[in-house]
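Raw contents of structure11.pdb, PDB, C-alpha atoms:
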MODEL        1
ATOM      1  CA  MET G 225    -144.129 168.160  44.323
ATOM      2  CA  SER G 226    -141.218 166.264  42.788
ATOM      3  CA  HIS G 227    -139.876 163.016  44.235
ATOM      4  CA  ASP G 228    -136.765 164.898  45.377
ATOM      5  CA  ASP G 229    -138.913 167.163  47.566
ATOM      6  CA  ILE G 230    -140.399 164.254  49.536
ATOM      7  CA  ASN G 231    -138.989 163.542  52.978
ATOM      8  CA  PRO G 232    -138.129 159.821  52.759
ATOM      9  CA  HIS G 233    -138.803 159.372  56.485
ATOM     10  CA  GLU G 234    -142.270 160.969  56.318
ATOM     11  CA  PRO G 235    -144.735 158.419  57.730
ATOM     12  CA  VAL G 236    -147.356 157.157  55.307
ATOM     13  CA  ALA G 237    -150.508 155.101  55.707
ATOM     14  CA  PRO G 238    -152.501 152.970  53.237
ATOM     15  CA  GLU G 239    -155.303 155.593  53.188
ATOM     16  CA  ALA G 240    -154.071 158.318  52.691
ATOM     17  CA  GLU G 241    -134.346 164.615  52.584
ATOM     18  CA  PRO G 242    -133.440 165.948  55.766
ATOM     19  CA  VAL G 243    -129.940 165.219  57.088
ATOM     20  CA  ASP G 244    -129.972 161.942  59.005
ATOM     21  CA  GLU G 245    -128.931 162.627  62.578
ATOM     22  CA  VAL G 246    -126.874 159.935  64.269
ATOM     23  CA  GLY G 247    -125.503 159.958  67.764
ATOM     24  CA  THR G 248    -127.913 162.131  69.707
ATOM     25  CA  GLU G 249    -127.964 159.488  72.461
ATOM     26  CA  GLU G 250    -131.742 159.236  72.668
ATOM     27  CA  LEU G 251    -133.597 156.258  74.045
ATOM     28  CA  THR G 252    -137.151 155.502  75.049
ATOM     29  CA  GLU G 253    -138.261 154.840  78.581
ATOM     30  CA  ASP G 254    -137.261 151.488  80.051
ATOM     31  CA  PRO G 255    -138.787 148.656  78.019
ATOM     32  CA  GLY G 256    -141.678 146.792  79.605
ATOM     33  CA  ALA G 257    -141.715 143.148  80.605
ATOM     34  CA  GLY G 258    -145.511 142.808  80.408
ATOM     35  CA  ASP G 259    -147.899 140.918  82.648
ATOM     36  CA  GLY G 260    -147.308 137.368  83.802
ATOM     37  CA  ALA G 261    -143.814 136.065  84.493
ATOM     38  CA  PRO G 262    -141.514 138.786  85.833
ATOM     39  CA  GLU G 263    -138.772 140.204  83.647
ATOM     40  CA  GLU G 264    -135.482 138.442  84.048
ATOM     41  CA  ALA G 265    -132.902 140.783  85.547
ATOM     42  CA  ALA G 266    -130.670 141.899  82.684
ATOM     43  CA  ALA G 267    -128.149 143.965  84.637
ATOM     44  CA  GLY G 268    -124.600 143.130  83.633
ATOM     45  CA  LEU G 269    -125.660 141.104  80.567
ATOM     46  CA  ASP G 270    -124.411 141.662  77.043
ATOM     47  CA  ILE G 271    -126.077 138.673  75.343
ATOM     48  CA  GLU G 272    -129.035 136.535  76.380
ATOM     49  CA  PRO G 273    -128.442 133.683  78.899
ATOM     50  CA  VAL G 274    -130.109 131.236  76.548
ATOM     51  CA  ALA G 275    -129.262 128.112  78.512
ATOM     52  CA  ALA G 276    -131.305 129.418  81.429
ATOM     53  CA  VAL G 277    -134.352 130.697  79.564
ATOM     54  CA  MET G 278    -134.952 127.532  77.563
ATOM     55  CA  ALA G 279    -135.941 125.586  80.673
ATOM     56  CA  GLN G 280    -139.715 125.927  80.472
ATOM     57  CA  ALA G 281    -142.427 126.841  78.021
ATOM     58  CA  LEU G 282    -145.817 128.454  78.650
ATOM     59  CA  ASP G 283    -148.869 126.363  77.865
ATOM     60  CA  ALA G 284    -150.476 127.277  74.561
ATOM     61  CA  VAL G 285    -153.837 129.042  74.570
ATOM     62  CA  GLU G 286    -154.352 128.505  70.851
ATOM     63  CA  GLN G 287    -152.995 126.467  67.950
ATOM     64  CA  ALA G 288    -151.053 128.176  65.185
ATOM     65  CA  PRO G 289    -152.151 128.073  61.541
ATOM     66  CA  ASP G 290    -150.110 125.927  59.190
ATOM     67  CA  THR G 291    -147.401 128.145  57.700
ATOM     68  CA  SER G 292    -145.137 125.347  56.521
ATOM     69  CA  GLY G 293    -144.232 125.763  52.878
ATOM     70  CA  LEU G 294    -144.793 129.530  52.850
ATOM     71  CA  ARG G 295    -141.963 131.682  51.517
ATOM     72  CA  PRO G 296    -140.299 134.674  53.218
ATOM     73  CA  VAL G 297    -142.026 137.958  52.385
ATOM     74  CA  GLY G 298    -138.815 139.525  51.070
ATOM     75  CA  GLU G 299    -139.180 137.318  48.002
ATOM     76  CA  ALA G 300    -142.470 139.040  47.149
ATOM     77  CA  THR G 301    -140.498 142.226  46.414
ATOM     78  CA  TYR G 302    -137.008 141.053  45.500
ATOM     79  CA  GLY G 303    -137.279 137.421  44.463
ATOM     80  CA  PRO G 304    -135.374 134.547  46.147
ATOM     81  CA  PRO G 305    -131.926 136.207  46.473
ATOM     82  CA  ILE G 306    -133.025 138.735  49.116
ATOM     83  CA  ASP G 307    -133.905 136.119  51.702
ATOM     84  CA  ALA G 308    -131.405 133.424  50.795
ATOM     85  CA  GLU G 309    -129.990 131.785  53.905
ATOM     86  CA  THR G 310    -127.294 134.079  55.283
ATOM     87  CA  VAL G 311    -125.590 132.153  58.040
ATOM     88  CA  GLN G 312    -122.177 133.725  58.553
ATOM     89  CA  GLY G 313    -119.853 130.766  58.995
ATOM     90  CA  PRO G 314    -121.031 127.915  61.272
ATOM     91  CA  ASP G 315    -124.742 128.009  62.136
ATOM     92  CA  ASN G 316    -124.693 128.978  65.821
ATOM     93  CA  ARG G 317    -128.340 129.940  66.150
ATOM     94  CA  VAL G 318    -130.092 128.729  69.306
ATOM     95  CA  GLN G 319    -133.724 127.630  69.315
ATOM     96  CA  ILE G 320    -135.854 129.318  71.958
ATOM     97  CA  THR G 321    -138.566 127.123  73.452
ATOM     98  CA  ALA G 322    -139.539 129.270  76.464
ATOM     99  CA  THR G 323    -141.252 131.727  74.151
ATOM    100  CA  GLY G 324    -143.891 132.551  76.756
ATOM    101  CA  SER G 325    -141.317 134.397  78.885
ATOM    102  CA  TYR G 326    -139.760 137.836  78.441
ATOM    103  CA  PRO G 327    -138.075 138.906  76.200
ATOM    104  CA  TRP G 328    -138.960 136.096  73.774
ATOM    105  CA  ARG G 329    -142.685 136.846  73.831
ATOM    106  CA  VAL G 330    -142.156 140.332  72.378
ATOM    107  CA  HIS G 331    -141.033 138.734  69.088
ATOM    108  CA  CYS G 332    -143.906 137.903  66.749
ATOM    109  CA  SER G 333    -144.335 135.441  63.921
ATOM    110  CA  LEU G 334    -146.159 137.204  61.062
ATOM    111  CA  LEU G 335    -148.472 135.562  58.519
ATOM    112  CA  ILE G 336    -148.771 138.160  55.764
ATOM    113  CA  THR G 337    -151.581 138.145  53.181
ATOM    114  CA  ALA G 338    -150.603 140.185  50.139
ATOM    115  CA  ASN G 339    -152.929 142.245  47.963
ATOM    116  CA  ASP G 340    -153.324 139.305  45.558
ATOM    117  CA  GLY G 341    -154.203 136.847  48.336
ATOM    118  CA  SER G 342    -150.812 135.104  48.401
ATOM    119  CA  GLN G 343    -149.371 134.425  51.853
ATOM    120  CA  TRP G 344    -145.868 134.976  53.201
ATOM    121  CA  ILE G 345    -143.941 134.855  56.485
ATOM    122  CA  GLY G 346    -142.043 137.530  58.403
ATOM    123  CA  THR G 347    -141.167 138.744  61.909
ATOM    124  CA  GLY G 348    -142.064 141.754  64.056
ATOM    125  CA  TRP G 349    -141.531 142.995  67.632
ATOM    126  CA  PHE G 350    -143.483 145.044  70.136
ATOM    127  CA  ASN G 351    -142.041 148.516  70.757
ATOM    128  CA  GLY G 352    -144.942 149.529  72.996
ATOM    129  CA  PRO G 353    -148.358 148.365  74.209
ATOM    130  CA  SER G 354    -150.136 149.067  70.913
ATOM    131  CA  SER G 355    -147.494 148.962  68.187
ATOM    132  CA  ILE G 356    -145.321 146.375  66.443
ATOM    133  CA  ILE G 357    -142.287 147.266  64.342
ATOM    134  CA  THR G 358    -141.225 145.298  61.258
ATOM    135  CA  ALA G 359    -139.519 145.710  57.893
ATOM    136  CA  GLY G 360    -141.110 147.944  55.283
ATOM    137  CA  HIS G 361    -141.279 145.031  52.855
ATOM    138  CA  CYS G 362    -143.514 143.189  55.346
ATOM    139  CA  VAL G 363    -146.240 145.853  55.040
ATOM    140  CA  PHE G 364    -145.742 147.199  51.485
ATOM    141  CA  ILE G 365    -144.695 144.911  48.612
ATOM    142  CA  HIS G 366    -143.061 146.258  45.469
ATOM    143  CA  ALA G 367    -144.278 144.260  42.472
ATOM    144  CA  PRO G 368    -145.233 146.881  39.848
ATOM    145  CA  GLY G 369    -147.626 145.733  37.174
ATOM    146  CA  THR G 370    -149.091 142.966  39.340
ATOM    147  CA  GLN G 371    -152.010 142.752  41.742
ATOM    148  CA  ARG G 372    -149.532 141.948  44.505
ATOM    149  CA  HIS G 373    -148.051 145.456  44.409
ATOM    150  CA  GLY G 374    -148.798 147.824  47.302
ATOM    151  CA  TRP G 375    -149.968 147.580  50.884
ATOM    152  CA  VAL G 376    -150.574 144.029  52.030
ATOM    153  CA  ARG G 377    -154.156 143.040  52.741
ATOM    154  CA  SER G 378    -153.627 141.985  56.367
ATOM    155  CA  ILE G 379    -151.085 140.558  58.817
ATOM    156  CA  GLU G 380    -151.855 137.848  61.357
ATOM    157  CA  VAL G 381    -149.678 138.354  64.447
ATOM    158  CA  MET G 382    -148.587 135.489  66.703
ATOM    159  CA  PRO G 383    -146.561 136.782  69.696
ATOM    160  CA  GLY G 384    -144.110 134.319  71.223
ATOM    161  CA  ARG G 385    -145.034 131.569  68.795
ATOM    162  CA  ASN G 386    -143.377 128.195  69.331
ATOM    163  CA  GLY G 387    -144.232 126.008  66.361
ATOM    164  CA  ALA G 388    -147.910 125.077  66.638
ATOM    165  CA  SER G 389    -148.135 126.632  70.116
ATOM    166  CA  LEU G 390    -149.417 130.192  70.583
ATOM    167  CA  PRO G 391    -149.022 131.178  74.256
ATOM    168  CA  TYR G 392    -150.447 134.660  73.542
ATOM    169  CA  GLY G 393    -152.923 133.698  70.850
ATOM    170  CA  ARG G 394    -153.137 135.435  67.487
ATOM    171  CA  PHE G 395    -154.829 138.513  66.078
ATOM    172  CA  LEU G 396    -155.363 140.115  62.688
ATOM    173  CA  VAL G 397    -154.120 143.596  61.750
ATOM    174  CA  PRO G 398    -155.898 144.980  58.641
ATOM    175  CA  ARG G 399    -154.356 147.152  55.937
ATOM    176  CA  ALA G 400    -155.679 150.410  57.375
ATOM    177  CA  GLN G 401    -153.536 149.938  60.514
ATOM    178  CA  LEU G 402    -150.219 149.512  58.673
ATOM    179  CA  ARG G 403    -147.563 152.222  58.374
ATOM    180  CA  SER G 404    -144.255 152.817  56.586
ATOM    181  CA  VAL G 405    -142.387 155.831  55.132
ATOM    182  CA  HIS G 406    -142.174 157.518  51.720
ATOM    183  CA  GLY G 407    -138.585 156.348  51.314
ATOM    184  CA  TRP G 408    -139.899 152.771  51.148
ATOM    185  CA  THR G 409    -143.351 153.076  49.520
ATOM    186  CA  THR G 410    -142.156 155.233  46.593
ATOM    187  CA  GLY G 411    -139.477 152.690  45.693
ATOM    188  CA  PRO G 412    -137.724 149.713  47.302
ATOM    189  CA  ASP G 413    -134.889 151.667  48.953
ATOM    190  CA  HIS G 414    -133.136 149.414  51.476
ATOM    191  CA  GLU G 415    -132.077 152.425  53.591
ATOM    192  CA  PHE G 416    -135.737 153.179  54.447
ATOM    193  CA  ASP G 417    -137.020 149.622  54.817
ATOM    194  CA  TYR G 418    -139.087 149.812  57.997
ATOM    195  CA  GLY G 419    -142.746 149.901  58.991
ATOM    196  CA  ALA G 420    -145.251 149.338  61.762
ATOM    197  CA  LEU G 421    -148.521 147.711  62.740
ATOM    198  CA  LEU G 422    -150.784 149.917  64.866
ATOM    199  CA  LEU G 423    -153.091 147.993  67.190
ATOM    200  CA  THR G 424    -156.546 148.920  68.453
ATOM    201  CA  GLU G 425    -155.927 147.075  71.728
ATOM    202  CA  PRO G 426    -152.832 147.174  73.993
ATOM    203  CA  LYS G 427    -151.718 143.596  73.294
ATOM    204  CA  GLY G 428    -148.199 144.537  74.364
ATOM    205  CA  ASN G 429    -149.285 144.966  77.974
ATOM    206  CA  ALA G 430    -149.326 141.177  78.204
ATOM    207  CA  THR G 431    -146.132 140.468  76.255
ATOM    208  CA  GLY G 432    -144.003 143.494  77.099
ATOM    209  CA  TRP G 433    -141.814 145.246  74.527
ATOM    210  CA  LEU G 434    -138.303 146.318  73.625
ATOM    211  CA  GLY G 435    -137.057 149.828  74.089
ATOM    212  CA  PHE G 436    -135.320 151.509  71.144
ATOM    213  CA  ALA G 437    -132.400 153.892  70.903
ATOM    214  CA  ASN G 438    -130.589 156.291  68.571
ATOM    215  CA  TRP G 439    -126.923 156.012  69.490
ATOM    216  CA  SER G 440    -123.571 157.112  68.125
ATOM    217  CA  ASP G 441    -121.141 154.928  66.196
ATOM    218  CA  ALA G 442    -118.830 154.811  69.210
ATOM    219  CA  THR G 443    -121.594 153.572  71.512
ATOM    220  CA  LEU G 444    -122.841 150.932  69.060
ATOM    221  CA  ASN G 445    -119.375 149.635  68.223
ATOM    222  CA  ALA G 446    -118.864 148.839  71.901
ATOM    223  CA  LYS G 447    -122.050 146.740  72.112
ATOM    224  CA  SER G 448    -122.960 143.147  71.346
ATOM    225  CA  LEU G 449    -125.979 142.783  69.070
ATOM    226  CA  ASN G 450    -128.847 140.361  69.733
ATOM    227  CA  LEU G 451    -131.597 139.146  67.397
ATOM    228  CA  SER G 452    -134.423 136.649  67.706
ATOM    229  CA  GLY G 453    -137.036 135.816  65.108
ATOM    230  CA  TYR G 454    -138.725 133.277  62.865
ATOM    231  CA  PRO G 455    -136.439 131.993  60.076
ATOM    232  CA  GLY G 456    -137.984 130.025  57.241
ATOM    233  CA  ASP G 457    -135.143 127.511  57.070
ATOM    234  CA  LYS G 458    -136.015 126.051  60.489
ATOM    235  CA  PRO G 459    -139.124 124.084  61.545
ATOM    236  CA  SER G 460    -142.221 126.153  60.836
ATOM    237  CA  GLY G 461    -142.979 128.858  63.404
ATOM    238  CA  THR G 462    -140.002 128.181  65.672
ATOM    239  CA  GLN G 463    -138.036 131.054  67.191
ATOM    240  CA  TRP G 464    -134.231 131.269  66.904
ATOM    241  CA  TYR G 465    -131.722 133.566  68.593
ATOM    242  CA  HIS G 466    -128.174 134.671  67.753
ATOM    243  CA  TRP G 467    -125.671 137.341  68.802
ATOM    244  CA  SER G 468    -122.640 139.066  67.262
ATOM    245  CA  GLY G 469    -120.686 142.297  67.213
ATOM    246  CA  VAL G 470    -121.098 145.207  64.814
ATOM    247  CA  ALA G 471    -119.421 144.610  61.438
ATOM    248  CA  ALA G 472    -119.904 148.134  60.043
ATOM    249  CA  LEU G 473    -122.097 151.212  60.411
ATOM    250  CA  SER G 474    -123.463 153.873  58.093
ATOM    251  CA  ALA G 475    -125.876 156.714  58.772
ATOM    252  CA  ARG G 476    -128.865 154.557  57.816
ATOM    253  CA  LYS G 477    -127.690 150.944  58.166
ATOM    254  CA  VAL G 478    -126.179 148.550  60.714
ATOM    255  CA  TYR G 479    -124.152 145.598  59.388
ATOM    256  CA  TYR G 480    -123.474 142.483  61.478
ATOM    257  CA  THR G 481    -122.607 138.799  61.375
ATOM    258  CA  LEU G 482    -125.775 137.717  63.151
ATOM    259  CA  ASP G 483    -126.949 134.449  61.585
ATOM    260  CA  THR G 484    -130.305 134.960  59.888
ATOM    261  CA  ALA G 485    -132.483 133.433  57.197
ATOM    262  CA  GLY G 486    -135.513 134.419  55.149
ATOM    263  CA  GLY G 487    -138.527 134.989  57.375
ATOM    264  CA  GLN G 488    -136.611 137.019  59.954
ATOM    265  CA  SER G 489    -137.135 140.284  58.096
ATOM    266  CA  GLY G 490    -138.522 142.752  60.637
ATOM    267  CA  SER G 491    -136.710 141.298  63.655
ATOM    268  CA  GLY G 492    -135.429 143.764  66.223
ATOM    269  CA  VAL G 493    -131.635 144.011  66.513
ATOM    270  CA  TYR G 494    -131.127 144.970  70.149
ATOM    271  CA  VAL G 495    -128.510 145.631  72.807
ATOM    272  CA  PHE G 496    -128.394 145.564  76.600
ATOM    273  CA  HIS G 497    -128.185 148.903  78.399
ATOM    274  CA  GLU G 498    -128.485 149.496  82.143
ATOM    275  CA  GLY G 499    -130.601 146.387  82.656
ATOM    276  CA  GLY G 500    -132.902 146.955  79.679
ATOM    277  CA  ARG G 501    -133.055 145.750  76.084
ATOM    278  CA  TYR G 502    -133.072 148.431  73.361
ATOM    279  CA  ALA G 503    -133.467 147.932  69.607
ATOM    280  CA  VAL G 504    -130.926 149.786  67.462
ATOM    281  CA  ALA G 505    -131.912 148.395  64.026
ATOM    282  CA  ILE G 506    -134.678 146.560  62.152
ATOM    283  CA  HIS G 507    -133.319 143.478  60.385
ATOM    284  CA  ALA G 508    -134.108 143.348  56.663
ATOM    285  CA  TYR G 509    -131.318 141.941  54.475
ATOM    286  CA  GLY G 510    -128.841 139.126  54.011
ATOM    287  CA  GLY G 511    -125.441 139.289  52.377
ATOM    288  CA  SER G 512    -122.397 137.171  51.575
ATOM    289  CA  GLY G 513    -120.129 138.888  54.121
ATOM    290  CA  SER G 514    -122.627 140.386  56.561
ATOM    291  CA  ASN G 515    -126.333 140.864  57.139
ATOM    292  CA  SER G 516    -127.936 144.235  57.758
ATOM    293  CA  GLY G 517    -130.851 146.199  59.090
ATOM    294  CA  THR G 518    -132.274 149.699  58.975
ATOM    295  CA  ARG G 519    -130.504 151.763  61.617
ATOM    296  CA  ILE G 520    -132.605 153.522  64.242
ATOM    297  CA  ASN G 521    -131.207 156.990  63.585
ATOM    298  CA  LYS G 522    -132.945 160.224  64.546
ATOM    299  CA  PRO G 523    -135.761 160.151  61.910
ATOM    300  CA  VAL G 524    -136.435 156.437  62.484
ATOM    301  CA  PHE G 525    -136.385 156.972  66.254
ATOM    302  CA  ASP G 526    -138.922 159.786  65.912
ATOM    303  CA  ASN G 527    -141.253 157.653  63.819
ATOM    304  CA  LEU G 528    -141.036 154.729  66.227
ATOM    305  CA  LYS G 529    -142.025 157.143  69.011
ATOM    306  CA  LEU G 530    -144.886 158.485  66.865
ATOM    307  CA  TRP G 531    -146.211 155.015  66.080
ATOM    308  CA  LYS G 532    -145.828 153.965  69.704
ATOM    309  CA  GLY G 533    -148.261 156.749  70.620
TER     310      GLY G 533
ENDMDL
END

Spit out the file's structure as structure tokens when you get a sec.
Amino acid sequence: MSHDDINPHEPVAPEAEPVDEVGTEELTEDPGAGDGAPEEAAAGLDIEPVAAVMAQALDAVEQAPDTSGLRPVGEATYGPPIDAETVQGPDNRVQITATGSYPWRVHCSLLITANDGSQWIGTGWFNGPSSIITAGHCVFIHAPGTQRHGWVRSIEVMPGRNGASLPYGRFLVPRAQLRSVHGWTTGPDHEFDYGALLLTEPKGNATGWLGFANWSDATLNAKSLNLSGYPGDKPSGTQWYHWSGVAALSARKVYYTLDTAGGQSGSGVYVFHEGGRYAVAIHAYGGSGSNSGTRINKPVFDNLKLWKG
């Protein structure tokens, strides 16, 4: 089979081109808030009420490993330019300290151990009880001719991390439980840069998760975009939030002026809809005029449903 015959959205695992549909107005069931503190009512919201949710933090159950000094995982594939700081204008990011509450606890700090033993940082988010979505370059590194190339060795997940504090502990996801798609693993194609971590236990029942949606250009253009994650230019392991409108759309990408930095690759770009929060893209890239993520179009939506189980 030639490379041209491979479906770039076909899921692939470590062991082991249809037309991209946009605008079929699909969405998953209402996202879950998880156990513990009740979900904050989101009806009528367009961006997060950050002043209110920063009031209290959950006591830590475990201390975080030292990730200070580690580089963003995008550099393992692309070198420093991919994850250069990409703040669009003034830095308006807001630090989240109440990371033990929903929705902040669905966002995960990732400590990634590559095939050569080197360690890197990234971000992921729960899309269901037993699955975490992230960028493809967080699970599969392109470095041909080196030991680093290929599926990463493991990823340590820290939901709702707040610096050294881990309100939901940490757990290790080995290589065999990682997933991506042919469009990413056969070459570093930014239009197919997404992946997943499949869990053996429903960790998301405690944290909750984001929904996800495949929506038309018209629907997305009318929405405000939200993103929270773990940028490497801020104090180690701290979570930062920002919001913006849509800058541009293509069949496979969403462009925005959300402020991001290296380390936030894999963050969920989400919107409010009828009281719930739904991801519409997976953040992966910076740029001089806008940042961008892999759009949740029909094939991506289908794979996120498959991985969710």

Excluding same-chain residues fewer than 2 positions from Ser378 (chain G), what lies within 6 Å of it counting only C-alpha atoms, as a JSON list (two decimals) with C-alpha atoms, keeping the file's coordinate frame?
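File written: result.json
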[["chain", "number", "residue", "atom", "x", "y", "z"],
["G", 337, "THR", "CA", -151.58, 138.15, 53.18],
["G", 376, "VAL", "CA", -150.57, 144.03, 52.03],
["G", 397, "VAL", "CA", -154.12, 143.60, 61.75],
["G", 398, "PRO", "CA", -155.90, 144.98, 58.64],
["G", 399, "ARG", "CA", -154.36, 147.15, 55.94]]

Nearest to Ala400 (chain G) among G:Val363, G:Gly469, G:Ala505, G:Gly456, with distances taken over all atoms listed in the file: which residue is it? G:Val363

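Checking G:Ser516, G:Tyr494, G:Ala437, G:Arg372 one by one against Ser474 (chain G), counting only C-alpha atoms, you find the shortest gap at G:Ser516.
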
Using only C-alpha atoms, which residues sit within 9 Å of Leu422 (chain G) once same-chain residues fewer than 6 positions away are excluded, as number ranges by chain? G: 354-357, 397, 400-403, 531-532

The residue from G:Gln287, G:Ser404, G:Ser342, G:Gln312 with the smallest atom-to-atom distance to Ala471 (chain G), counting only C-alpha atoms, is G:Gln312

Applying 7 Å and all atoms listed in the file, which residues near Tyr465 (chain G) remain after dropping the ones on its own chain fewer than 2 positions away? List them as a JSON list (two decimals) with C-alpha atoms, in the coordinates of the input.
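Below is the file that was written, part.json:
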[["chain", "number", "residue", "atom", "x", "y", "z"],
["G", 317, "ARG", "CA", -128.34, 129.94, 66.15],
["G", 318, "VAL", "CA", -130.09, 128.73, 69.31],
["G", 319, "GLN", "CA", -133.72, 127.63, 69.32],
["G", 320, "ILE", "CA", -135.85, 129.32, 71.96],
["G", 451, "LEU", "CA", -131.60, 139.15, 67.40],
["G", 452, "SER", "CA", -134.42, 136.65, 67.71],
["G", 453, "GLY", "CA", -137.04, 135.82, 65.11],
["G", 463, "GLN", "CA", -138.04, 131.05, 67.19]]
